[in-house]
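Taking it in order: structure first as structure tokens, then the write-up.
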Amino acid sequence: MPMTRTATGADPSREVSVKHERLHGECAPPQQVVSLNVTPCLVIGLLMLISLAVPPNLCRGEQGDDLPNILRSGFLARVIADVDPRDAQATLELMTKEVSRNIGLNTSPRVVLYPDTSSMIAAVSRGELDMVSLPTIDYLRLRNTVPLVPAFVGLHKDGVGLRFVLITHRDSEIRSISQLKGKTLFSLSANKHESAHVWLNVLLQKEAKGNPSTFFRRIKEVDKLSQGIMGVFFRQADCALVTRAGLDAARLLNPQLEKQLVIIAESRELSDGVTCFPAGMPEKTRHILSNAVMQMSSSATGRQLFTIFMTSGVAPFKRIYVEGLEELLREESSLKSGLARKR
């Protein structure tokens, strides 16, 4: 994937790397970064840990010696989306200032952006991170081989995950999945919303015995959710794969969308991000950090953070929150096995 650049042509990943080196001096080698747009539920746990690693006005002596001297946090650059890069960078800088006041340290947290899952997991294995934030779909695929303890999931307005929908224009008279064969699709990025594409693949194989690469005449990935919605509205595409929350918000702003757009399929609620601690971290340390995170919603900084990252907060991890995505991955695996046997 090409590097995302600013309007002036500067590479934002390099800007972060330079700033990182200037703030922290000698540290872990800078990672290659794909972009700097932040996905709310996936990164919110990380940022809250950075900003309020322990309750305000609590000095290190009162905490004990379980917390590390420097909090080292990592998350995947590929899932960062939907927030202006400048806002994301400013928020991270704010967090590094907050940490000194909150835990009485003279060191700033170390924040590392990883270009892929393998590089992040390698860092976890080397003991270089105290917390990681990654897509739920990656966590589920790695949980049996990587020593991570899930701690938090991001909250959305209507739950702890996202629902995805396939929409068409009312005048197209398309009302079933099979009628989409040979049509054009505007979709969310597979890189940023992999679970949406897994759902679509499963849906097509179950309902129409096809897969996107051959089922649709043309697939175009769009950078913004609004491009998919308006693309169908203005008949630039026959259908679009978007989030239910995004569609509902657009309908509120434009009543014409309510009249002209039709949902022909909708997914279950699918968790899109998990914040984890390394399994080797002492339980007392996890407890201190977890309590601090849950206090975030009552602070002015927390409310500001929620606003910037368009999320409602975080919730302690529960297995039930990821069951929808677990079931989807099992269906995907079963369908792939069936296709392999037929061949």
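We label chains A, B, ... in the order they appear in the structure tokens, count residues from 1 in each chain, and number ligands from 1 in the order shown.
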Inset, instruction - Using DSSP on the backbone coordinates, identify the residues of range 163-229 of chain A assigned to alpha helix (DSSP H); present them as a VMD selection string. - result: chain A and resid 194 to 207 212 to 215 225 to 229
Legend entry - Best match for closeness to Pro278 in chain A among A:Lys181, A:Lys336, A:Arg141, A:Arg72, counting only C-alpha atoms: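 Closest to Pro278 in chain A, using only C-alpha atoms: A:Arg72.
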Inset, instruction - Just the residues within 7 Å of range 262-266 of chain A, please, counting only C-alpha atoms, with nothing from its chain fewer than 4 positions along; format it as a VMD selection string. - result: chain A and resid 163 to 170 175 to 176
Inset, instruction - Figure out the distance between CA of Leu76 in chain A and CA of Thr117 in chain A, please, to one decimal in Å. - result: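 Pair CA of Thr117 in chain A / CA of Leu76 in chain A returns 6.9 Å.
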Inset, instruction - May I ask which of the residues A:Val160, A:Val149, A:Gly280, A:Gly182 is the closest one to Arg126 in chain A, counting only C-alpha atoms? - result: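 Between A:Val160, A:Val149, A:Gly280, A:Gly182, the residue approaching Arg126 in chain A most closely is A:Gly280.
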Inset, instruction - Rank nothing, just name the residue among A:Ala292, A:Gln179, A:Ala249, A:Leu113 nearest to Ala208 in chain A, using only C-alpha atoms. - result: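 For Ala208 in chain A, the nearest of the given residues is A:Gln179.
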Inset, instruction - Any chance you could list, as a ChimeraX atom specification, the residues in range 83-297 of chain A that come up strand (DSSP E or B) when DSSP is run on the backbone? - result: /A:110-114,131-134,148-156,159,162,164-169,184-187,218-221,239-243,261-266,270,274-278
Legend entry - Å distance separating CA of Val124 in chain A from CA of Leu325 in chain A, one decimal place: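 About the pair CA of Val124 in chain A and CA of Leu325 in chain A: they are 24.0 Å apart.
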Inset, instruction - Quick one: everything within 8 Å of Ile137 in chain A, counting only C-alpha atoms, minus sequence neighbours fewer than 2 positions away in the same chain. Send it as a list in words. - result: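 In the requested format, the answer is Pro135, Tyr139, Leu140, Arg141, Glu194, Ser195, Asp272, Gly273 and Leu325 of chain A.
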Since we have the selection now, will you write its residues out, keeping N, CA and C atoms, as a PDB file, in the first residue's frame?
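Output (selection33.pdb):
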ATOM      1  N   PRO A 135      -7.187  -5.349  15.929  1.00  0.00           N
ATOM      2  CA  PRO A 135      -8.527  -5.742  15.492  1.00  0.00           C
ATOM      3  C   PRO A 135      -8.951  -7.040  16.158  1.00  0.00           C
ATOM      4  N   TYR A 139      -7.063 -10.731  16.855  1.00  0.00           N
ATOM      5  CA  TYR A 139      -6.956 -11.337  18.175  1.00  0.00           C
ATOM      6  C   TYR A 139      -7.510 -12.765  18.174  1.00  0.00           C
ATOM      7  N   LEU A 140      -8.668 -12.970  17.560  1.00  0.00           N
ATOM      8  CA  LEU A 140      -9.274 -14.303  17.543  1.00  0.00           C
ATOM      9  C   LEU A 140      -8.412 -15.310  16.790  1.00  0.00           C
ATOM     10  N   ARG A 141      -7.737 -14.849  15.749  1.00  0.00           N
ATOM     11  CA  ARG A 141      -6.886 -15.756  14.981  1.00  0.00           C
ATOM     12  C   ARG A 141      -5.581 -16.068  15.704  1.00  0.00           C
ATOM     13  N   GLU A 194     -11.831  -5.526   7.736  1.00  0.00           N
ATOM     14  CA  GLU A 194     -11.741  -6.902   7.240  1.00  0.00           C
ATOM     15  C   GLU A 194     -12.971  -7.720   7.604  1.00  0.00           C
ATOM     16  N   SER A 195     -13.508  -7.514   8.807  1.00  0.00           N
ATOM     17  CA  SER A 195     -14.664  -8.300   9.226  1.00  0.00           C
ATOM     18  C   SER A 195     -15.862  -8.077   8.312  1.00  0.00           C
ATOM     19  N   ASP A 272     -14.966  -4.942  16.745  1.00  0.00           N
ATOM     20  CA  ASP A 272     -13.924  -4.520  15.810  1.00  0.00           C
ATOM     21  C   ASP A 272     -12.583  -4.201  16.461  1.00  0.00           C
ATOM     22  N   GLY A 273     -12.474  -4.287  17.779  1.00  0.00           N
ATOM     23  CA  GLY A 273     -11.179  -4.020  18.379  1.00  0.00           C
ATOM     24  C   GLY A 273     -11.071  -4.498  19.811  1.00  0.00           C
ATOM     25  N   LEU A 325     -18.445 -12.430  15.951  1.00  0.00           N
ATOM     26  CA  LEU A 325     -17.324 -12.571  15.026  1.00  0.00           C
ATOM     27  C   LEU A 325     -16.758 -13.981  15.056  1.00  0.00           C
TER      28      LEU A 325
END
Legend entry - Shell around Ser125 in chain A at 12 Å using only C-alpha atoms, local window under 6 positions removed, as a ChimeraX atom specification: /A:118-119,132,145-148,278-280
Legend entry - Counting only C-alpha atoms, the option among A:Ala250, A:Val232, A:Val111, A:Leu162 closest to Ser271 in chain A: A:Leu162
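Here CA of Leu204 in chain A and CA of Arg143 in chain A stand 27.8 Å from one another.
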Inset, instruction - Please provide as a list of chain:residue names all residues within 10 Å of Lys318 in chain A, with the sequence filter that same-chain residues fewer than 4 positions apart are discarded (counting only C-alpha atoms). - result: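 The contact residues come out as A:Pro150, A:Ala151, A:Phe152, A:Val153, A:Val322, A:Glu323.
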